[in-house]
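Visitor: So that you have it, the file is upload10.txt, and it contains compact mmCIF, N, CA and C atoms:
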# COMPACT_ATOMS: atom_id res chain seq x y z
N CYS A 1 -11.17 -15.63 14.12
CA CYS A 1 -12.12 -14.80 13.38
C CYS A 1 -12.12 -15.27 11.92
N ASP A 2 -13.22 -15.81 11.49
CA ASP A 2 -13.31 -16.30 10.12
C ASP A 2 -14.06 -15.32 9.22
N GLU A 3 -14.13 -14.07 9.65
CA GLU A 3 -14.79 -12.99 8.90
C GLU A 3 -16.23 -13.31 8.57
N ASP A 4 -16.95 -13.82 9.54
CA ASP A 4 -18.36 -14.14 9.39
C ASP A 4 -19.18 -12.92 9.79
N TYR A 5 -19.85 -12.31 8.83
CA TYR A 5 -20.62 -11.10 9.08
C TYR A 5 -22.09 -11.40 9.42
N THR A 6 -22.42 -12.63 9.72
CA THR A 6 -23.81 -12.97 9.96
C THR A 6 -24.30 -12.45 11.30
N LEU A 7 -23.47 -12.42 12.30
CA LEU A 7 -23.88 -11.89 13.60
C LEU A 7 -23.68 -10.38 13.62
N SER A 8 -24.71 -9.67 14.01
CA SER A 8 -24.62 -8.22 14.02
C SER A 8 -23.64 -7.72 15.08
N THR A 9 -23.43 -8.49 16.12
CA THR A 9 -22.51 -8.06 17.17
C THR A 9 -21.05 -8.27 16.79
N ASP A 10 -20.78 -9.10 15.80
CA ASP A 10 -19.40 -9.40 15.42
C ASP A 10 -18.94 -8.64 14.17
N SER A 11 -19.81 -7.84 13.57
CA SER A 11 -19.42 -7.17 12.32
C SER A 11 -18.31 -6.16 12.53
N LEU A 12 -18.33 -5.43 13.64
CA LEU A 12 -17.27 -4.46 13.89
C LEU A 12 -15.93 -5.17 14.08
N GLN A 13 -15.94 -6.27 14.78
CA GLN A 13 -14.70 -7.02 14.99
C GLN A 13 -14.18 -7.58 13.66
N ALA A 14 -15.07 -8.05 12.81
CA ALA A 14 -14.65 -8.58 11.52
C ALA A 14 -14.09 -7.47 10.63
N GLU A 15 -14.69 -6.30 10.67
CA GLU A 15 -14.18 -5.17 9.88
C GLU A 15 -12.80 -4.75 10.38
N MET A 16 -12.63 -4.71 11.69
CA MET A 16 -11.32 -4.35 12.25
C MET A 16 -10.27 -5.40 11.89
N PHE A 17 -10.66 -6.65 11.90
CA PHE A 17 -9.73 -7.72 11.53
C PHE A 17 -9.32 -7.58 10.06
N ALA A 18 -10.28 -7.31 9.19
CA ALA A 18 -9.98 -7.15 7.76
C ALA A 18 -9.07 -5.94 7.53
N GLU A 19 -9.32 -4.86 8.26
CA GLU A 19 -8.49 -3.66 8.14
C GLU A 19 -7.06 -3.93 8.60
N ALA A 20 -6.92 -4.66 9.71
CA ALA A 20 -5.59 -5.01 10.22
C ALA A 20 -4.87 -5.96 9.26
N ARG A 21 -5.62 -6.88 8.65
CA ARG A 21 -5.03 -7.80 7.69
C ARG A 21 -4.52 -7.04 6.46
N ASP A 22 -5.31 -6.07 5.98
CA ASP A 22 -4.87 -5.27 4.83
C ASP A 22 -3.64 -4.43 5.17
N PHE A 23 -3.61 -3.89 6.39
CA PHE A 23 -2.49 -3.04 6.79
C PHE A 23 -1.20 -3.86 6.92
N SER A 24 -1.33 -5.11 7.34
CA SER A 24 -0.13 -5.92 7.55
C SER A 24 0.11 -6.94 6.44
N SER A 25 -0.56 -6.78 5.32
CA SER A 25 -0.33 -7.69 4.20
C SER A 25 1.06 -7.45 3.61
N PRO A 26 1.66 -8.45 2.99
CA PRO A 26 3.01 -8.28 2.43
C PRO A 26 3.04 -7.21 1.35
N TRP A 27 4.08 -6.41 1.37
CA TRP A 27 4.22 -5.34 0.39
C TRP A 27 4.71 -5.90 -0.94
N LEU A 28 5.82 -6.59 -0.90
CA LEU A 28 6.35 -7.29 -2.07
C LEU A 28 6.54 -8.75 -1.66
N THR A 29 6.29 -9.64 -2.58
CA THR A 29 6.35 -11.06 -2.22
C THR A 29 7.75 -11.52 -1.84
N PHE A 30 8.78 -10.91 -2.39
CA PHE A 30 10.14 -11.37 -2.11
C PHE A 30 10.80 -10.62 -0.95
N LEU A 31 10.13 -9.61 -0.38
CA LEU A 31 10.67 -8.89 0.78
C LEU A 31 9.75 -9.09 1.98
N PRO A 32 10.31 -9.31 3.16
CA PRO A 32 9.46 -9.52 4.33
C PRO A 32 9.01 -8.21 4.98
N MET A 33 8.40 -7.33 4.18
CA MET A 33 7.92 -6.05 4.69
C MET A 33 6.41 -5.98 4.50
N GLU A 34 5.76 -5.29 5.42
CA GLU A 34 4.31 -5.15 5.36
C GLU A 34 3.94 -3.83 4.69
N THR A 35 2.78 -3.80 4.06
CA THR A 35 2.34 -2.63 3.31
C THR A 35 2.16 -1.40 4.18
N GLY A 36 1.45 -1.53 5.27
CA GLY A 36 1.12 -0.39 6.12
C GLY A 36 2.33 0.33 6.66
N PRO A 37 3.25 -0.36 7.33
CA PRO A 37 4.43 0.34 7.86
C PRO A 37 5.30 0.97 6.77
N VAL A 38 5.45 0.30 5.64
CA VAL A 38 6.26 0.86 4.55
C VAL A 38 5.61 2.14 4.02
N LEU A 39 4.31 2.10 3.81
CA LEU A 39 3.60 3.28 3.33
C LEU A 39 3.65 4.40 4.36
N ALA A 40 3.52 4.06 5.64
CA ALA A 40 3.59 5.08 6.70
C ALA A 40 4.96 5.74 6.72
N ILE A 41 6.02 4.97 6.56
CA ILE A 41 7.37 5.54 6.53
C ILE A 41 7.53 6.47 5.33
N LEU A 42 7.04 6.05 4.18
CA LEU A 42 7.14 6.89 2.98
C LEU A 42 6.37 8.20 3.15
N VAL A 43 5.16 8.11 3.71
CA VAL A 43 4.34 9.30 3.89
C VAL A 43 4.98 10.25 4.91
N ILE A 44 5.51 9.70 6.00
CA ILE A 44 6.17 10.55 7.00
C ILE A 44 7.43 11.19 6.41
N PHE A 45 8.16 10.45 5.59
CA PHE A 45 9.35 11.01 4.93
C PHE A 45 8.96 12.16 4.00
N MET A 46 7.89 11.99 3.22
CA MET A 46 7.44 13.06 2.33
C MET A 46 6.95 14.26 3.12
N TRP A 47 6.30 14.02 4.25
CA TRP A 47 5.86 15.11 5.12
C TRP A 47 7.07 15.89 5.65
N ALA A 48 8.10 15.16 6.07
CA ALA A 48 9.31 15.81 6.58
C ALA A 48 9.98 16.65 5.49
N LEU A 49 10.01 16.15 4.26
CA LEU A 49 10.58 16.93 3.16
C LEU A 49 9.77 18.20 2.90
N SER A 50 8.47 18.09 2.97
CA SER A 50 7.60 19.24 2.74
C SER A 50 7.83 20.32 3.80
N VAL A 51 7.91 19.92 5.05
CA VAL A 51 8.13 20.87 6.13
C VAL A 51 9.55 21.42 6.08
N THR A 52 10.51 20.62 5.68
CA THR A 52 11.89 21.08 5.57
C THR A 52 12.02 22.22 4.57
N ASP A 53 11.23 22.18 3.52
CA ASP A 53 11.24 23.27 2.55
C ASP A 53 10.78 24.58 3.20
N VAL A 54 9.76 24.50 4.04
CA VAL A 54 9.27 25.69 4.75
C VAL A 54 10.32 26.19 5.75
N LEU A 55 10.94 25.26 6.46
CA LEU A 55 11.97 25.63 7.43
C LEU A 55 13.17 26.28 6.73
N ARG A 56 13.54 25.76 5.57
CA ARG A 56 14.64 26.35 4.81
C ARG A 56 14.30 27.78 4.41
N GLY A 57 13.07 28.02 4.02
CA GLY A 57 12.64 29.38 3.67
C GLY A 57 12.74 30.34 4.84
N ALA A 58 12.38 29.87 6.04
CA ALA A 58 12.48 30.71 7.24
C ALA A 58 13.93 31.02 7.58
N VAL A 59 14.79 30.02 7.46
CA VAL A 59 16.22 30.24 7.74
C VAL A 59 16.82 31.19 6.71
N ASP A 60 16.47 31.05 5.45
CA ASP A 60 16.96 31.95 4.41
C ASP A 60 16.50 33.39 4.68
N PHE A 61 15.25 33.56 5.11
CA PHE A 61 14.72 34.87 5.44
C PHE A 61 15.53 35.51 6.57
N MET A 62 15.78 34.72 7.63
CA MET A 62 16.53 35.25 8.77
C MET A 62 17.96 35.61 8.37
N PHE A 63 18.58 34.78 7.54
CA PHE A 63 19.93 35.07 7.07
C PHE A 63 19.95 36.36 6.24
N ALA A 64 18.97 36.54 5.37
CA ALA A 64 18.90 37.74 4.54
C ALA A 64 18.70 38.99 5.39
N VAL A 65 17.86 38.90 6.41
CA VAL A 65 17.64 40.05 7.30
C VAL A 65 18.92 40.39 8.05
N PHE A 66 19.62 39.38 8.53
CA PHE A 66 20.86 39.61 9.25
C PHE A 66 21.91 40.27 8.33
N GLN A 67 22.04 39.76 7.11
CA GLN A 67 23.00 40.34 6.17
C GLN A 67 22.60 41.77 5.78
N LEU A 68 21.32 42.03 5.67
CA LEU A 68 20.85 43.38 5.35
C LEU A 68 21.22 44.33 6.48
N HIS A 69 21.05 43.88 7.71
CA HIS A 69 21.39 44.74 8.85
C HIS A 69 22.90 45.01 8.90
N ARG A 70 23.70 44.00 8.60
CA ARG A 70 25.15 44.20 8.60
C ARG A 70 25.57 45.20 7.53
N ALA A 71 24.90 45.17 6.38
CA ALA A 71 25.29 46.05 5.26
C ALA A 71 24.67 47.43 5.35
N CYS A 72 23.48 47.54 5.96
CA CYS A 72 22.74 48.80 5.92
C CYS A 72 22.29 49.27 7.29
N ALA A 73 23.05 49.00 8.34
CA ALA A 73 22.66 49.43 9.68
C ALA A 73 22.58 50.95 9.72
N SER A 74 21.50 51.45 10.31
CA SER A 74 21.27 52.88 10.35
C SER A 74 20.36 53.21 11.52
N ASP A 75 20.23 54.52 11.81
CA ASP A 75 19.32 54.96 12.86
C ASP A 75 17.90 55.13 12.34
N SER A 76 17.74 55.10 11.02
CA SER A 76 16.40 55.24 10.44
C SER A 76 16.27 54.31 9.24
N PHE A 77 15.03 53.93 8.99
CA PHE A 77 14.75 53.07 7.84
C PHE A 77 14.58 53.96 6.62
N SER A 78 15.32 53.65 5.55
CA SER A 78 15.20 54.47 4.35
C SER A 78 15.29 53.60 3.10
N ILE A 79 14.50 54.00 2.13
CA ILE A 79 14.47 53.31 0.84
C ILE A 79 14.88 54.32 -0.22
N GLY A 80 15.82 53.94 -1.05
CA GLY A 80 16.29 54.81 -2.12
C GLY A 80 15.96 54.19 -3.47
N ARG A 81 16.39 54.90 -4.48
CA ARG A 81 16.13 54.43 -5.83
C ARG A 81 17.44 54.37 -6.60
N ALA A 82 17.69 53.22 -7.23
CA ALA A 82 18.88 53.04 -8.06
C ALA A 82 18.42 52.67 -9.46
N GLY A 83 18.34 53.64 -10.32
CA GLY A 83 17.83 53.40 -11.67
C GLY A 83 16.34 53.14 -11.62
N SER A 84 15.93 51.98 -12.08
CA SER A 84 14.50 51.63 -12.08
C SER A 84 14.13 50.71 -10.92
N GLU A 85 15.06 50.52 -9.96
CA GLU A 85 14.81 49.62 -8.84
C GLU A 85 14.84 50.37 -7.52
N PHE A 86 14.12 49.87 -6.54
CA PHE A 86 14.16 50.42 -5.20
C PHE A 86 15.20 49.64 -4.39
N VAL A 87 15.92 50.35 -3.51
CA VAL A 87 16.99 49.76 -2.73
C VAL A 87 16.82 50.19 -1.27
N ILE A 88 16.99 49.25 -0.35
CA ILE A 88 16.96 49.60 1.07
C ILE A 88 18.33 50.17 1.42
N GLU A 89 18.33 51.42 1.87
CA GLU A 89 19.58 52.10 2.18
C GLU A 89 19.91 52.06 3.66
N GLY A 90 18.91 51.90 4.50
CA GLY A 90 19.15 51.87 5.93
C GLY A 90 18.05 51.10 6.64
N VAL A 91 18.43 50.32 7.65
CA VAL A 91 17.47 49.55 8.42
C VAL A 91 17.85 49.66 9.90
N THR A 92 16.86 49.84 10.74
CA THR A 92 17.12 50.02 12.16
C THR A 92 17.26 48.67 12.87
N LEU A 93 17.85 48.72 14.04
CA LEU A 93 18.00 47.53 14.86
C LEU A 93 16.63 46.99 15.29
N PHE A 94 15.69 47.89 15.53
CA PHE A 94 14.34 47.48 15.93
C PHE A 94 13.66 46.66 14.84
N ARG A 95 13.74 47.12 13.61
CA ARG A 95 13.14 46.37 12.49
C ARG A 95 13.85 45.03 12.27
N THR A 96 15.15 45.03 12.40
CA THR A 96 15.91 43.79 12.26
C THR A 96 15.50 42.79 13.34
N SER A 97 15.38 43.28 14.57
CA SER A 97 14.98 42.41 15.67
C SER A 97 13.60 41.81 15.44
N TRP A 98 12.66 42.62 14.99
CA TRP A 98 11.31 42.11 14.74
C TRP A 98 11.31 41.10 13.60
N ALA A 99 12.07 41.37 12.57
CA ALA A 99 12.12 40.44 11.45
C ALA A 99 12.74 39.11 11.88
N LEU A 100 13.78 39.15 12.71
CA LEU A 100 14.38 37.92 13.22
C LEU A 100 13.41 37.18 14.15
N PHE A 101 12.63 37.93 14.93
CA PHE A 101 11.63 37.31 15.79
C PHE A 101 10.57 36.59 14.96
N VAL A 102 10.14 37.22 13.88
CA VAL A 102 9.16 36.58 12.98
C VAL A 102 9.75 35.32 12.36
N GLY A 103 11.01 35.37 11.97
CA GLY A 103 11.68 34.18 11.42
C GLY A 103 11.75 33.06 12.44
N LEU A 104 12.09 33.39 13.70
CA LEU A 104 12.11 32.37 14.75
C LEU A 104 10.72 31.80 15.01
N LEU A 105 9.72 32.66 14.92
CA LEU A 105 8.33 32.19 15.08
C LEU A 105 7.96 31.22 13.97
N GLN A 106 8.36 31.52 12.75
CA GLN A 106 8.12 30.60 11.63
C GLN A 106 8.84 29.27 11.85
N LEU A 107 10.06 29.32 12.35
CA LEU A 107 10.79 28.08 12.65
C LEU A 107 10.09 27.25 13.72
N GLY A 108 9.60 27.92 14.75
CA GLY A 108 8.89 27.21 15.82
C GLY A 108 7.61 26.56 15.33
N ILE A 109 6.85 27.29 14.53
CA ILE A 109 5.60 26.74 13.98
C ILE A 109 5.91 25.57 13.05
N GLY A 110 6.93 25.72 12.22
CA GLY A 110 7.31 24.64 11.31
C GLY A 110 7.75 23.39 12.04
N MET A 111 8.55 23.55 13.09
CA MET A 111 9.00 22.38 13.86
C MET A 111 7.83 21.71 14.57
N SER A 112 6.91 22.50 15.12
CA SER A 112 5.77 21.89 15.80
C SER A 112 4.86 21.17 14.80
N LEU A 113 4.71 21.72 13.61
CA LEU A 113 3.94 21.03 12.58
C LEU A 113 4.63 19.75 12.13
N LEU A 114 5.94 19.79 12.02
CA LEU A 114 6.69 18.60 11.63
C LEU A 114 6.50 17.48 12.64
N ILE A 115 6.65 17.78 13.90
CA ILE A 115 6.55 16.76 14.95
C ILE A 115 5.12 16.27 15.11
N SER A 116 4.17 17.20 15.22
CA SER A 116 2.78 16.77 15.43
C SER A 116 2.23 16.05 14.20
N GLY A 117 2.59 16.48 13.01
CA GLY A 117 2.13 15.80 11.79
C GLY A 117 2.70 14.40 11.67
N ALA A 118 3.98 14.23 12.01
CA ALA A 118 4.59 12.90 11.95
C ALA A 118 3.96 11.96 12.97
N ILE A 119 3.68 12.48 14.17
CA ILE A 119 3.02 11.64 15.19
C ILE A 119 1.62 11.26 14.72
N TRP A 120 0.89 12.21 14.15
CA TRP A 120 -0.47 11.94 13.68
C TRP A 120 -0.46 10.87 12.59
N LEU A 121 0.50 10.98 11.67
CA LEU A 121 0.60 9.97 10.62
C LEU A 121 1.03 8.61 11.17
N ALA A 122 1.90 8.62 12.16
CA ALA A 122 2.37 7.35 12.73
C ALA A 122 1.26 6.60 13.46
N TYR A 123 0.29 7.30 14.00
CA TYR A 123 -0.80 6.65 14.73
C TYR A 123 -2.00 6.31 13.85
N THR A 124 -1.91 6.55 12.56
CA THR A 124 -3.00 6.21 11.65
C THR A 124 -3.05 4.69 11.46
N LYS A 125 -4.26 4.12 11.54
CA LYS A 125 -4.39 2.66 11.59
C LYS A 125 -4.78 1.99 10.28
N SER A 126 -5.21 2.74 9.29
CA SER A 126 -5.61 2.10 8.04
C SER A 126 -4.99 2.84 6.85
N ILE A 127 -4.84 2.14 5.76
CA ILE A 127 -4.18 2.72 4.59
C ILE A 127 -4.99 3.87 3.98
N PRO A 128 -6.32 3.74 3.80
CA PRO A 128 -7.07 4.88 3.27
C PRO A 128 -7.00 6.11 4.19
N ASP A 129 -7.05 5.88 5.50
CA ASP A 129 -6.94 7.00 6.44
C ASP A 129 -5.55 7.63 6.39
N LEU A 130 -4.53 6.81 6.19
CA LEU A 130 -3.16 7.32 6.09
C LEU A 130 -3.03 8.25 4.89
N LEU A 131 -3.58 7.84 3.77
CA LEU A 131 -3.51 8.69 2.57
C LEU A 131 -4.34 9.96 2.75
N ALA A 132 -5.51 9.84 3.37
CA ALA A 132 -6.35 11.02 3.61
C ALA A 132 -5.66 11.99 4.57
N ASN A 133 -5.01 11.46 5.60
CA ASN A 133 -4.30 12.32 6.55
C ASN A 133 -3.11 13.00 5.89
N ALA A 134 -2.43 12.31 4.99
CA ALA A 134 -1.31 12.92 4.27
C ALA A 134 -1.79 14.07 3.40
N VAL A 135 -2.91 13.89 2.74
CA VAL A 135 -3.47 14.96 1.91
C VAL A 135 -3.91 16.13 2.79
N ALA A 136 -4.48 15.84 3.95
CA ALA A 136 -4.90 16.90 4.87
C ALA A 136 -3.70 17.71 5.35
N LEU A 137 -2.61 17.04 5.69
CA LEU A 137 -1.41 17.77 6.12
C LEU A 137 -0.83 18.60 4.98
N SER A 138 -0.87 18.07 3.79
CA SER A 138 -0.40 18.83 2.63
C SER A 138 -1.24 20.08 2.43
N TYR A 139 -2.54 19.96 2.63
CA TYR A 139 -3.43 21.12 2.51
C TYR A 139 -3.10 22.16 3.58
N ILE A 140 -2.82 21.71 4.80
CA ILE A 140 -2.48 22.64 5.88
C ILE A 140 -1.22 23.44 5.52
N MET A 141 -0.25 22.77 4.92
CA MET A 141 0.99 23.46 4.57
C MET A 141 0.79 24.45 3.42
N GLN A 142 -0.22 24.25 2.58
CA GLN A 142 -0.41 25.12 1.43
C GLN A 142 -1.52 26.15 1.62
N VAL A 143 -2.10 26.23 2.81
CA VAL A 143 -3.17 27.18 3.05
C VAL A 143 -2.70 28.62 2.86
N ASP A 144 -1.49 28.94 3.31
CA ASP A 144 -1.00 30.31 3.18
C ASP A 144 -0.68 30.70 1.74
N GLU A 145 -0.59 29.74 0.84
CA GLU A 145 -0.29 30.03 -0.55
C GLU A 145 -1.54 30.22 -1.40
N LEU A 146 -2.71 29.99 -0.83
CA LEU A 146 -3.95 30.11 -1.60
C LEU A 146 -4.36 31.52 -1.83
What is this file in structure tokens?

Guide:
Amino acid sequence: CDEDYTLSTDSLQAEMFAEARDFSSPWLTFLPMETGPVLAILVIFMWALSVTDVLRGAVDFMFAVFQLHRACASDSFSIGRAGSEFVIEGVTLFRTSWALFVGLLQLGIGMSLLISGAIWLAYTKSIPDLLANAVALSYIMQVDEL
């Protein structure tokens, strides 16, 4: 393929060849690494760090709920006042169970997003698409914060 765009039937093949050449071009001249795979690894690593932050938040939530139940187990849910602050004085087993279930649900969603997002990024074939997909995944993770 000499990248001849004169034939209308060969233009798609020439574009695909150019895209593959750009993806596999050398990253640094003194290292035998290609641009596309190195960028894909970096993007997947950043995606994993982003999702790990969400997973850490879910685990912290579950730990806090468990500690609250250990300290304030009661037959009824009650909120008291200590000076100018509100304090949870009692929490039921039912509320603790539901809160732990929600935390487990958050962990499950986070893990599925981590795996499916990494697979989606790994199967991206061009550098511009890889960057666009990384931005799209970042947007998905920040939708709940808007």

Visitor: Between A:Val51, A:Val87, A:Met141, A:Val102, which has the minimum distance to A:Leu114 (counting all atoms listed in the file)?

Guide: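 Among A:Val51, A:Val87, A:Met141, A:Val102, it is A:Val51 that comes nearest to A:Leu114.
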
Visitor: Which one is closest to A:Leu107: A:Leu55, A:Leu130, A:Ala48, A:Val38? Count only C-alpha atoms.

Guide: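 Among A:Leu55, A:Leu130, A:Ala48, A:Val38, it is A:Leu55 that comes nearest to A:Leu107.
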
Visitor: Could you name the residues that touch A:Ile79 at 8 Å or less, counting only C-alpha atoms, but leaving out those on the same chain fewer than 2 positions away, as JSON, numbers by chain?

Guide: {"A": [77, 81, 86, 87, 88, 89, 90]}

Visitor: Would you work out the distance separating atom N of A:Phe63 from atom C of A:Met46, expressed in Å to one decimal?

Guide: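 Atom-to-atom, atom N of A:Phe63 and atom C of A:Met46 are spaced 24.0 Å apart.
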
Visitor: Of the candidates A:Phe66, A:Gly36, A:Val59, A:Ala136, which shows the shortest atom-to-atom distance to A:Gln106, using only N, CA and C atoms?

Guide: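 Nearest to A:Gln106: A:Val59.
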
Visitor: Where in stretch 61-113 of chain A does DSSP assign helix (DSSP H, G or I), given as a VMD selection string?

Guide: chain A and resid 61 to 72 93 to 113

Visitor: Measuring between only C-alpha atoms, which one of A:Asn133, A:Gln67, A:Leu105, A:Leu121 shows the shortest distance to A:Pro37?

Guide: A:Leu121

Visitor: Could you list, as an NGL selection string, every residue within 9 Å of A:Ala118, counting only C-alpha atoms and ignoring same-chain residues fewer than 5 positions away?

Guide: :A and (43-45 or 47-48 or 113 or 123)

Visitor: Can you work out which one of A:Met62, A:Gly57, A:Thr92, A:Ser138 has the shortest atom-to-atom distance to A:Ser74, counting all atoms listed in the file?

Guide: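 So, comparing all the options, the nearest one is A:Thr92.
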
Visitor: From the set A:Ala122, A:Ala82, A:Gly110, A:Val65, which residue has the shortest atom-to-atom contact distance to A:Thr96, counting only C-alpha atoms?

Guide: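 Selected residue with least distance to A:Thr96: A:Val65.
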
Visitor: Please compute the atom CA of A:Lys125-atom N of A:Leu42 distance, one decimal, in Å.

Guide: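 Going from atom CA of A:Lys125 over to atom N of A:Leu42 covers 14.0 Å.
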
Visitor: Would you compute the distance between atom CA of A:Ile115 and atom C of A:Leu49? Give it in Å to one decimal.

Guide: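 Taking atom CA of A:Ile115 as the start and atom C of A:Leu49 as the end point, the length is 12.6 Å.
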
Visitor: Using DSSP on the backbone coordinates, identify all residues within stretch 67-119 of chain A classified as strand (DSSP E or B); present the result as a PyMOL selection string.

Guide: chain A and resi 73+78-82+85-91
